[in-house]
Amino acid sequence: MATEAQHSTTRRDFLFVATGAVAGVGAAATVWPLINQMNPDASTLAVASIEFSLNGIEPGQSVTILWRGLPVFVRNRTPEEVAEAQNVALADLKDPQTDAERTKEGHENWLVMIANCTHLGCIPTGESGEFDGWACPCHGSQFDTAGRIRKGPAPTNLVVPPYEFVSDSLIQIG
Amino acid sequence: MSEHSTYTPGSGIEKWLDERLPIIRFSKEHLMDFPTPKNLNYFWTFGAILVMCLGIQIVTGIILAMHYTPNIGLAFDSVEHIRRNVNGGRMIQAFHAVGASMFFVAVYIHIFRGMYFGSYKAPREILWILGVLIFVLMMATAFMGYVLPWGQMSGWAATVITNIFEAIPVLGTPLLELLRGGFSVGNPTLNRFFSLHYLLPFVIAAVVALHIWALHVPGNNNPTGVDVKDSRDTLPFHPYYTMKDAFGMVVFLIPFVWFAFFAPDILGHPDNYIQFNSQITPAHIVPEWYFLPFYAILRAIDFNLLFINSKLLGVIFFGGSIVILFLLPWLDTSKVRSGNFRPMFKWFYWLFVVNFIGLTYLGAQPADGIYVLLSKICTAYYFIHFIVILPVLSRIEKPRPLPTSISESVLAKSHA
């Protein structure tokens with residue numbers, strides 16, 4: 001008689017599964033805030049957008065600014081550097097992107113990108129390496145004058161953050 | 001192996017305690033009477049040395065936490081404050097920092113001893129797995145501890161190592177922000193690393209307890225790799241091995257205190273004396289020496305494979321180099337445990353050691369030129385050793401005859 005009872009689904013089985021399911025959902029709901037507290041807090045998110053004036057940055061000069069705690073390169077490229085970047089064949093690139101896709105129309109001389117190498121986050125040094133762009137001392141990645149990966153372990157080009165030209169000499173990042 | 005307890009409570013209070021919490025009985029069985037092979041060499045002393053190291057790190061760490069401030073504006077100065085103003089702080093900080101290095105010296109010797117004498121083989125697989133788990137926890141703890149002084153190497157170590165998680169497809173970026181508590185390594189990162197750095201040693205202590213438990217069920221392996229057959233093969237742990245271990249600890253403490261007293265910073269990197277600057281990377285990022293072999297493996301991968309990009313692939317190899325250790329008991333299927341009786345294994349074992357030292361060297365070199373190529377070769381060999389050489393050796397090698405018992409091998413040695 002015990003065997004027969006084991007094979008049929010009883011009200012007790014239903015209650016057992018239902019209680020277990022509710023307890024599982026409850027446990028997950030309890031654990032989530034304990035994990036979510038680790039996500040960026042309100043004070044970190046508050047500095048997500050900044051404006052930056054381009055006045056006084058001469059051709060061939062770079063500045064590094066902080067956005068969301070991340071360093072951002074703003075470079076006023078020389079005409080030679082722009083030409084060099086535009087003349088690269090897409091087939092030569094590990095992460096193909098035209099120079100136009102990385103700059104804003106009418107402002108081709110300005111290159112704005114997050115400075116952290118896309119490999120493991122070091123800051124490459126400017127005007128160095130075999131491609132006249134940036135070279136990362138940590139793990140040997142080299143970038144061209146458009147910040148595109150040309151050699152080394154970095155998987156993608158240096159990241160261009162979302163930004164707009166508010167006027168000819170003012171950009172808003174984020 | 002666990003023999004019937006010989007403990008008989010003497011006094012009334014001992015009898016009372018024994019019926020409620022038989023802790024004296026337990027100590028007598030496991031710390032005193034525990035039958036231990038009589039032929040253990042000094043490589044076996046490193047187990048006890050490691051317990052001592054963990055103890056030193058916990059005690060000095062608790063004291064340092066009384067004076068340290070986990071805030072990006074204050075952390076760097078608080079370490080200097082400990083070293084210059086706190087009574088005895090210079091010594092305690094040195095013992096903690098040097099202690100981390102010495103802990104890794106001991107753990108590497110302990111691991112390589114296990115690999116040579118086949119301590120990972122049946123019936124000790126769980127013991128080995130728990131050991132590798134302790135090693136992983138040690139690496140996590142040491143890494144987070146290294147970040148706390150908030151120097152240039154510290155901050156960049158945090159940046160580079162947390163960036164590893166970004167390589168995970170889809171989940172990478174949200175996970176990275178979750179781990180850092182921001183878009184970049186900052187105050188929330190330092191604060192949580194401090195919390196976890198304080199927590200993990202106690203987790204390690206708990207796993208060490210399991211590790212010793214898993215050791216005391218089958219009992220110790222020994223240099224012959226032959227099982228204990230009867231009581232003539234063993235000695236009680238106390239006083240024979242308590243004294244031997246105590247002597248080993250004292251010898252180990254000589255270089256330890258030399259470093260702590262005379263050259264407390266020699267094992268670190270001078271760049272860590274510059275406060276962290278998230279906008280300038282040091283010209284040459286290197287981790288602490290004990291992570292160099294794995295760091296070399298991470299860096300060696302600078303090529304894409306099919307749809308896997310170089311970053312993810314590097315991380316896969318980096319993780320794989322440790323995960324593969326968990327599988328060691330099933331990769332080496334030779335019936336003979338000890339390398340002493342395996343003529344071919346012996347050669348490949350030392351080749352593996354040399355290759356590992358080579359990786360250590362390469363991890364400290366700049367990532368260009370010939371070093372990249374050499375790193376790739378050494379990385380390949382590291383994996384070939386586990387995946388190809390060990391399984392093949394187990395099949396083709398003809399081991400030398402084993403002694404019939406531990407006791408016989410000891411007597412043969414003393415007659416020779």
# chains A, B, ... in the order shown; residues from 1 in each chain; ligands from 1
>>> closest_atom_pairs(of="chain B", to="chain A", cutoff="6 Å", atoms="only C-alpha atoms", output="Markdown table")
| residue | atom | partner | partner_atom | distance |
| --- | --- | --- | --- | --- |
| B:Val160 | CA | A:Leu120 | CA | 4.8 |
| B:Asn163 | CA | A:Leu120 | CA | 5.2 |
| B:Leu178 | CA | A:Asn39 | CA | 4.3 |
| B:Gly181 | CA | A:Pro40 | CA | 4.4 |
| B:Gly182 | CA | A:Pro40 | CA | 4.4 |
| B:Ser184 | CA | A:Gly69 | CA | 5.6 |
| B:Gln279 | CA | A:Pro71 | CA | 5.7 |
| B:Thr281 | CA | A:Ile123 | CA | 5.3 |
| B:Ala283 | CA | A:Pro137 | CA | 5.6 |
| B:His284 | CA | A:Cys138 | CA | 5.6 |
| B:Ile285 | CA | A:Cys138 | CA | 5.5 |
| B:Asp302 | CA | A:Pro153 | CA | 3.8 |
| B:Asn309 | CA | A:Pro155 | CA | 5.7 |
| B:Ser310 | CA | A:Pro153 | CA | 5.6 |
| B:Lys311 | CA | A:His119 | CA | 5.8 |
| B:Ala367 | CA | A:His139 | CA | 5.2 |
>>> write_last_selection(atoms="N, CA, C and O atoms", output="mmCIF file, in the first residue's frame")
data_model
loop_
_atom_site.group_PDB
_atom_site.id
_atom_site.type_symbol
_atom_site.label_atom_id
_atom_site.label_comp_id
_atom_site.auth_asym_id
_atom_site.auth_seq_id
_atom_site.Cartn_x
_atom_site.Cartn_y
_atom_site.Cartn_z
ATOM 1 N N VAL B 160 44.091 45.887 -13.585
ATOM 2 C CA VAL B 160 44.379 44.825 -14.552
ATOM 3 C C VAL B 160 43.641 43.528 -14.194
ATOM 4 O O VAL B 160 43.032 42.893 -15.054
ATOM 5 N N ASN B 163 39.894 43.735 -14.603
ATOM 6 C CA ASN B 163 39.609 43.784 -16.038
ATOM 7 C C ASN B 163 39.494 42.396 -16.652
ATOM 8 O O ASN B 163 38.854 42.222 -17.680
ATOM 9 N N LEU B 178 30.169 45.708 -11.114
ATOM 10 C CA LEU B 178 29.725 45.135 -9.837
ATOM 11 C C LEU B 178 30.923 44.876 -8.920
ATOM 12 O O LEU B 178 30.890 45.166 -7.727
ATOM 13 N N GLY B 181 32.456 48.358 -8.046
ATOM 14 C CA GLY B 181 31.553 49.316 -7.406
ATOM 15 C C GLY B 181 31.622 50.674 -8.077
ATOM 16 O O GLY B 181 31.337 51.699 -7.461
ATOM 17 N N GLY B 182 32.022 50.697 -9.335
ATOM 18 C CA GLY B 182 32.117 51.946 -10.079
ATOM 19 C C GLY B 182 32.588 51.656 -11.477
ATOM 20 O O GLY B 182 32.779 50.501 -11.850
ATOM 21 N N SER B 184 35.408 52.624 -12.587
ATOM 22 C CA SER B 184 36.854 52.408 -12.518
ATOM 23 C C SER B 184 37.194 51.981 -11.095
ATOM 24 O O SER B 184 36.341 52.011 -10.214
ATOM 25 N N GLN B 279 45.623 57.785 -13.859
ATOM 26 C CA GLN B 279 45.833 58.329 -15.194
ATOM 27 C C GLN B 279 47.188 57.990 -15.798
ATOM 28 O O GLN B 279 47.440 58.252 -16.964
ATOM 29 N N THR B 281 49.983 54.809 -16.089
ATOM 30 C CA THR B 281 50.370 53.435 -15.803
ATOM 31 C C THR B 281 51.879 53.396 -15.597
ATOM 32 O O THR B 281 52.604 54.056 -16.338
ATOM 33 N N ALA B 283 55.601 52.258 -16.140
ATOM 34 C CA ALA B 283 56.176 51.840 -17.416
ATOM 35 C C ALA B 283 56.114 50.325 -17.569
ATOM 36 O O ALA B 283 55.983 49.794 -18.655
ATOM 37 N N HIS B 284 56.186 49.634 -16.455
ATOM 38 C CA HIS B 284 56.269 48.183 -16.521
ATOM 39 C C HIS B 284 55.493 47.622 -15.341
ATOM 40 O O HIS B 284 55.924 47.743 -14.201
ATOM 41 N N ILE B 285 54.327 47.050 -15.616
ATOM 42 C CA ILE B 285 53.506 46.499 -14.540
ATOM 43 C C ILE B 285 53.928 45.074 -14.246
ATOM 44 O O ILE B 285 53.964 44.245 -15.138
ATOM 45 N N ASP B 302 48.393 36.605 -27.236
ATOM 46 C CA ASP B 302 48.112 37.880 -27.903
ATOM 47 C C ASP B 302 47.499 37.636 -29.279
ATOM 48 O O ASP B 302 47.599 38.460 -30.172
ATOM 49 N N ASN B 309 38.407 36.109 -28.760
ATOM 50 C CA ASN B 309 39.439 37.137 -28.913
ATOM 51 C C ASN B 309 40.575 36.928 -27.919
ATOM 52 O O ASN B 309 40.468 36.153 -26.970
ATOM 53 N N SER B 310 41.674 37.637 -28.182
ATOM 54 C CA SER B 310 42.905 37.408 -27.429
ATOM 55 C C SER B 310 42.720 37.639 -25.934
ATOM 56 O O SER B 310 43.314 36.943 -25.108
ATOM 57 N N LYS B 311 41.887 38.601 -25.576
ATOM 58 C CA LYS B 311 41.704 38.919 -24.157
ATOM 59 C C LYS B 311 41.036 37.753 -23.425
ATOM 60 O O LYS B 311 41.524 37.295 -22.402
ATOM 61 N N ALA B 367 56.787 42.936 -22.113
ATOM 62 C CA ALA B 367 56.026 42.129 -23.073
ATOM 63 C C ALA B 367 56.376 42.524 -24.501
ATOM 64 O O ALA B 367 55.537 43.012 -25.248
#
>>> select_by_dssp(residues="stretch 10-153 of chain A", states="helix (DSSP H, G or I)", output="PyMOL selection string")
chain A and resi 11-36+42-45+79-86+90-92+99-102
>>> write_last_selection(atoms="N, CA and C atoms", output="CSV table (one decimal), in the first residue's frame")
chain,number,residue,atom,x,y,z
A,11,ARG,N,-1.9,15.8,-2.3
A,11,ARG,CA,-1.9,17.2,-1.9
A,11,ARG,C,-0.7,17.6,-1.1
A,12,ARG,N,-0.1,16.6,-0.4
A,12,ARG,CA,1.1,16.8,0.4
A,12,ARG,C,2.3,17.2,-0.6
A,13,ASP,N,2.3,16.4,-1.7
A,13,ASP,CA,3.4,16.7,-2.7
A,13,ASP,C,3.3,18.1,-3.2
A,14,PHE,N,2.1,18.5,-3.5
A,14,PHE,CA,1.8,19.8,-4.1
A,14,PHE,C,2.3,20.9,-3.1
A,15,LEU,N,1.9,20.7,-1.8
A,15,LEU,CA,2.3,21.7,-0.8
A,15,LEU,C,3.8,21.7,-0.6
A,16,PHE,N,4.4,20.6,-0.7
A,16,PHE,CA,5.9,20.4,-0.6
A,16,PHE,C,6.6,21.2,-1.6
A,17,VAL,N,6.2,21.0,-2.9
A,17,VAL,CA,6.8,21.7,-4.0
A,17,VAL,C,6.5,23.2,-4.0
A,18,ALA,N,5.3,23.6,-3.7
A,18,ALA,CA,4.9,25.0,-3.7
A,18,ALA,C,5.7,25.7,-2.6
A,19,THR,N,5.8,25.1,-1.4
A,19,THR,CA,6.6,25.7,-0.3
A,19,THR,C,8.0,25.9,-0.7
A,20,GLY,N,8.6,24.9,-1.3
A,20,GLY,CA,10.0,24.9,-1.8
A,20,GLY,C,10.2,26.1,-2.8
A,21,ALA,N,9.2,26.2,-3.7
A,21,ALA,CA,9.3,27.2,-4.8
A,21,ALA,C,9.3,28.6,-4.2
A,22,VAL,N,8.3,28.8,-3.3
A,22,VAL,CA,8.2,30.1,-2.6
A,22,VAL,C,9.5,30.4,-1.8
A,23,ALA,N,10.0,29.4,-1.1
A,23,ALA,CA,11.2,29.7,-0.3
A,23,ALA,C,12.4,30.0,-1.2
A,24,GLY,N,12.4,29.3,-2.4
A,24,GLY,CA,13.5,29.6,-3.4
A,24,GLY,C,13.5,31.0,-3.9
A,25,VAL,N,12.3,31.5,-4.3
A,25,VAL,CA,12.1,32.8,-4.8
A,25,VAL,C,12.4,33.8,-3.6
A,26,GLY,N,12.0,33.5,-2.5
A,26,GLY,CA,12.2,34.4,-1.3
A,26,GLY,C,13.7,34.5,-1.0
A,27,ALA,N,14.4,33.4,-1.1
A,27,ALA,CA,15.9,33.4,-0.9
A,27,ALA,C,16.6,34.3,-1.9
A,28,ALA,N,16.2,34.1,-3.2
A,28,ALA,CA,16.8,34.9,-4.3
A,28,ALA,C,16.5,36.4,-4.1
A,29,ALA,N,15.3,36.7,-3.7
A,29,ALA,CA,14.9,38.1,-3.4
A,29,ALA,C,15.7,38.7,-2.3
A,30,THR,N,16.1,37.8,-1.3
A,30,THR,CA,16.8,38.3,-0.2
A,30,THR,C,18.3,38.5,-0.5
A,31,VAL,N,18.8,37.6,-1.4
A,31,VAL,CA,20.2,37.6,-1.7
A,31,VAL,C,20.5,38.8,-2.7
A,32,TRP,N,19.6,39.2,-3.5
A,32,TRP,CA,19.8,40.2,-4.5
A,32,TRP,C,20.3,41.5,-3.9
A,33,PRO,N,19.6,42.1,-2.9
A,33,PRO,CA,20.1,43.3,-2.4
A,33,PRO,C,21.5,43.2,-1.8
A,34,LEU,N,21.8,42.0,-1.3
A,34,LEU,CA,23.2,41.8,-0.7
A,34,LEU,C,24.3,41.8,-1.8
A,35,ILE,N,23.9,41.5,-3.0
A,35,ILE,CA,24.8,41.6,-4.2
A,35,ILE,C,24.7,42.9,-4.8
A,36,ASN,N,23.5,43.4,-5.0
A,36,ASN,CA,23.3,44.7,-5.7
A,36,ASN,C,24.0,45.9,-5.0
A,42,ALA,N,24.9,55.8,-6.0
A,42,ALA,CA,24.4,57.0,-6.6
A,42,ALA,C,25.4,58.1,-6.8
A,43,SER,N,26.4,58.2,-5.8
A,43,SER,CA,27.4,59.2,-6.0
A,43,SER,C,28.3,58.9,-7.1
A,44,THR,N,28.5,57.7,-7.5
A,44,THR,CA,29.4,57.3,-8.6
A,44,THR,C,28.6,57.6,-9.9
A,45,LEU,N,27.3,57.3,-9.9
A,45,LEU,CA,26.5,57.5,-11.1
A,45,LEU,C,26.3,59.0,-11.4
A,79,PRO,N,47.3,67.4,-39.2
A,79,PRO,CA,46.8,66.9,-40.5
A,79,PRO,C,47.5,65.6,-41.0
A,80,GLU,N,48.8,65.5,-40.7
A,80,GLU,CA,49.5,64.3,-41.1
A,80,GLU,C,48.9,63.0,-40.4
A,81,GLU,N,48.6,63.2,-39.1
A,81,GLU,CA,48.1,62.1,-38.4
A,81,GLU,C,46.7,61.7,-38.9
A,82,VAL,N,45.9,62.7,-39.2
A,82,VAL,CA,44.5,62.4,-39.8
A,82,VAL,C,44.7,61.7,-41.1
A,83,ALA,N,45.6,62.2,-41.9
A,83,ALA,CA,45.8,61.5,-43.2
A,83,ALA,C,46.2,60.1,-43.1
A,84,GLU,N,47.2,59.9,-42.2
A,84,GLU,CA,47.7,58.6,-41.9
A,84,GLU,C,46.6,57.6,-41.5
A,85,ALA,N,45.7,58.1,-40.6
A,85,ALA,CA,44.6,57.3,-40.1
A,85,ALA,C,43.6,57.0,-41.2
A,86,GLN,N,43.4,58.0,-42.1
A,86,GLN,CA,42.3,57.8,-43.1
A,86,GLN,C,42.8,56.9,-44.2
A,90,LEU,N,41.2,48.9,-44.5
A,90,LEU,CA,40.4,48.3,-43.5
A,90,LEU,C,40.9,46.8,-43.3
A,91,ALA,N,41.4,46.2,-44.4
A,91,ALA,CA,41.8,44.8,-44.3
A,91,ALA,C,43.0,44.6,-43.4
A,92,ASP,N,43.7,45.7,-43.1
A,92,ASP,CA,44.9,45.7,-42.2
A,92,ASP,C,44.5,45.7,-40.8
A,99,ASP,N,38.3,55.8,-40.0
A,99,ASP,CA,38.6,56.9,-39.1
A,99,ASP,C,37.3,57.8,-38.9
A,100,ALA,N,36.5,57.8,-40.0
A,100,ALA,CA,35.2,58.6,-39.9
A,100,ALA,C,34.3,58.1,-38.8
A,101,GLU,N,34.3,56.8,-38.6
A,101,GLU,CA,33.5,56.2,-37.6
A,101,GLU,C,33.9,56.5,-36.2
A,102,ARG,N,35.2,57.0,-36.1
A,102,ARG,CA,35.7,57.2,-34.7
A,102,ARG,C,35.8,58.7,-34.4
>>> select_by_dssp(residues="chain A", states="strand (DSSP E or B)", output="PyMOL selection string")
chain A and resi 50-53+61-67+70-76+110-114+125-126+132-135+142-144+149-151+163-167+170-173
>>> closest_residue(among="A:Asp144, A:Asp95, A:Glu130, A:Asp168", to="A:Glu108", atoms="only C-alpha atoms")
A:Asp168
>>> closest_residue(among="B:Ile13, B:Ser407, B:His30, B:Tyr349", to="B:Phe112", atoms="only C-alpha atoms")
B:Tyr349
>>> atom_distance(atom1="atom CA of B:Leu359", atom2="atom CA of B:Val372")
11.0 Å
>>> atom_distance(atom1="atom CA of B:Met344", atom2="atom CA of B:Tyr42")
24.0 Å
>>> residues_around(residues="A:His107", least_positions_apart="4", cutoff="9 Å", atoms="only C-alpha atoms", output="list of chain:residue names")
A:Thr103, A:Leu111, A:Phe165, A:Asp168
>>> residues_around(residues="B:Pro399", least_positions_apart="4", cutoff="8 Å", atoms="only C-alpha atoms", output="PyMOL selection string")
chain B and resi 336+341-343
>>> residues_around(residues="A:Glu164", least_positions_apart="6", cutoff="9 Å", atoms="only C-alpha atoms", output="ChimeraX atom specification")
/A:104,170-174
>>> closest_residue(among="B:Leu210, B:Val136, B:Val250, B:Leu313", to="B:Phe291", atoms="only C-alpha atoms")
B:Val136
>>> residues_around(residues="B:Met66", least_positions_apart="4", cutoff="10 Å", atoms="only C-alpha atoms", output="MDAnalysis selection string")
chainID B and resid 61:62 82
>>> write_last_selection(atoms="C-alpha atoms", output="CSV table (one decimal), in the first residue's frame")
chain,number,residue,atom,x,y,z
B,61,GLY,CA,46.8,41.3,9.9
B,62,ILE,CA,44.3,41.8,12.8
B,82,ILE,CA,51.8,52.3,10.7
